[in-house]
Amino acid sequence: LNEMACDGKNVPLSLFIANGVHEGPDGYYIEINIPISIIGESREHCIVIGGLKMNGKKEDDVNVSNLTLRDSKGNGVYGVYNGASIHLDNVSVENSGRSGVCVNGSKRNTMKNCNVSHSKYSGLWVGYGGLMTIDGNATTIHHNGTRDGDYGLHASGSSSSIHLVSPLTKE
């Protein structure tokens, strides 16, 4: 996808992924350098082994929906410092070697009806002045943070924040 978009003329708007198990190149990240919507056929049966690393420009948006990211050696979803904003809808992030979802500096990030579980570090980590807004009755973030200093939800520093949209609550 990134190669197709190099000339700026053939930027795909969407990538549809069929049900099945799909492996990333190295168990860490599939790098996303363009604004795009990545849409799985179903969260239960469309499995991507590895994580997604959102680069791109600060004004870009990367939308991910209806799939499961599993067994990343790094973060499950990784938003690089001041890169593209991340919008997750009906996504499950499981068994990440670092944080399940990690946001650095971008402020327009959203999660709706997502599950983040069994991450070695925090389930959701937001830092460097970033913001994540979480919505949807089906959203759960649980069984994360197996080391000291990691949590389910972790806003690092006073300029970073996580917004829970009612009726979501923190238990």
# chains A, B, ... in the order shown; residues from 1 in each chain; ligands from 1
>>> closest_atom_pairs(of="stretch 4-100 of chain A", to="stretch 134-148 of chain A", cutoff="9 Å", atoms="only C-alpha atoms", output="JSON lines")
{"residue": "A:Asn90", "atom": "CA", "partner": "A:Ala138", "partner_atom": "CA", "distance": 8.4}
{"residue": "A:Asn95", "atom": "CA", "partner": "A:Asn144", "partner_atom": "CA", "distance": 8.8}
{"residue": "A:Arg98", "atom": "CA", "partner": "A:Gly145", "partner_atom": "CA", "distance": 8.9}
{"residue": "A:Ser99", "atom": "CA", "partner": "A:Gly145", "partner_atom": "CA", "distance": 8.0}
{"residue": "A:Gly100", "atom": "CA", "partner": "A:Asn144", "partner_atom": "CA", "distance": 8.1}
>>> closest_atom_pairs(of="stretch 52-144 of chain A", to="stretch 37-44 of chain A", cutoff="10 Å", atoms="only C-alpha atoms", output="Markdown table")
| residue | atom | partner | partner_atom | distance |
| --- | --- | --- | --- | --- |
| A:Asp61 | CA | A:Ser37 | CA | 8.3 |
| A:Val62 | CA | A:Ser37 | CA | 5.8 |
| A:Asn63 | CA | A:Ser37 | CA | 4.5 |
| A:Val64 | CA | A:Ile38 | CA | 4.7 |
| A:Ser65 | CA | A:Ile39 | CA | 5.0 |
| A:Asn66 | CA | A:Arg43 | CA | 4.4 |
| A:Leu67 | CA | A:Arg43 | CA | 3.8 |
| A:Thr68 | CA | A:Arg43 | CA | 5.4 |
| A:Leu69 | CA | A:Arg43 | CA | 9.2 |
| A:His87 | CA | A:Ser37 | CA | 9.1 |
| A:Leu88 | CA | A:Ile38 | CA | 9.7 |
| A:Asp89 | CA | A:Ile39 | CA | 9.5 |
| A:Asn90 | CA | A:Arg43 | CA | 6.8 |
| A:Val91 | CA | A:Arg43 | CA | 6.3 |
| A:Ser92 | CA | A:Arg43 | CA | 6.9 |
| A:Cys114 | CA | A:Arg43 | CA | 9.7 |
>>> closest_residue(among="A:Leu52, A:Cys102, A:Ile30, A:Ile17", to="A:Gly130", atoms="only C-alpha atoms")
A:Cys102
>>> atom_distance(atom1="atom CA of A:Phe16", atom2="atom CA of A:Ser72")
20.5 Å
>>> atom_distance(atom1="atom CA of A:Val77", atom2="atom CA of A:Gly51")
5.5 Å
>>> closest_residue(among="A:Gly149, A:Gly50, A:Gly56, A:Gly20", to="A:Ile34", atoms="only C-alpha atoms")
A:Gly56
>>> closest_residue(among="A:Tyr81, A:Asp26, A:Arg70, A:Ser158", to="A:Ser117", atoms="only C-alpha atoms")
A:Arg70
>>> select_by_dssp(residues="stretch 13-131 of chain A", states="strand (DSSP E or B)", output="PyMOL selection string")
chain A and resi 14-17+20-23+29-32+36-40+46-49+51-54+61-70+77-79+85-94+101-104+109-112+115-117+124-127+131
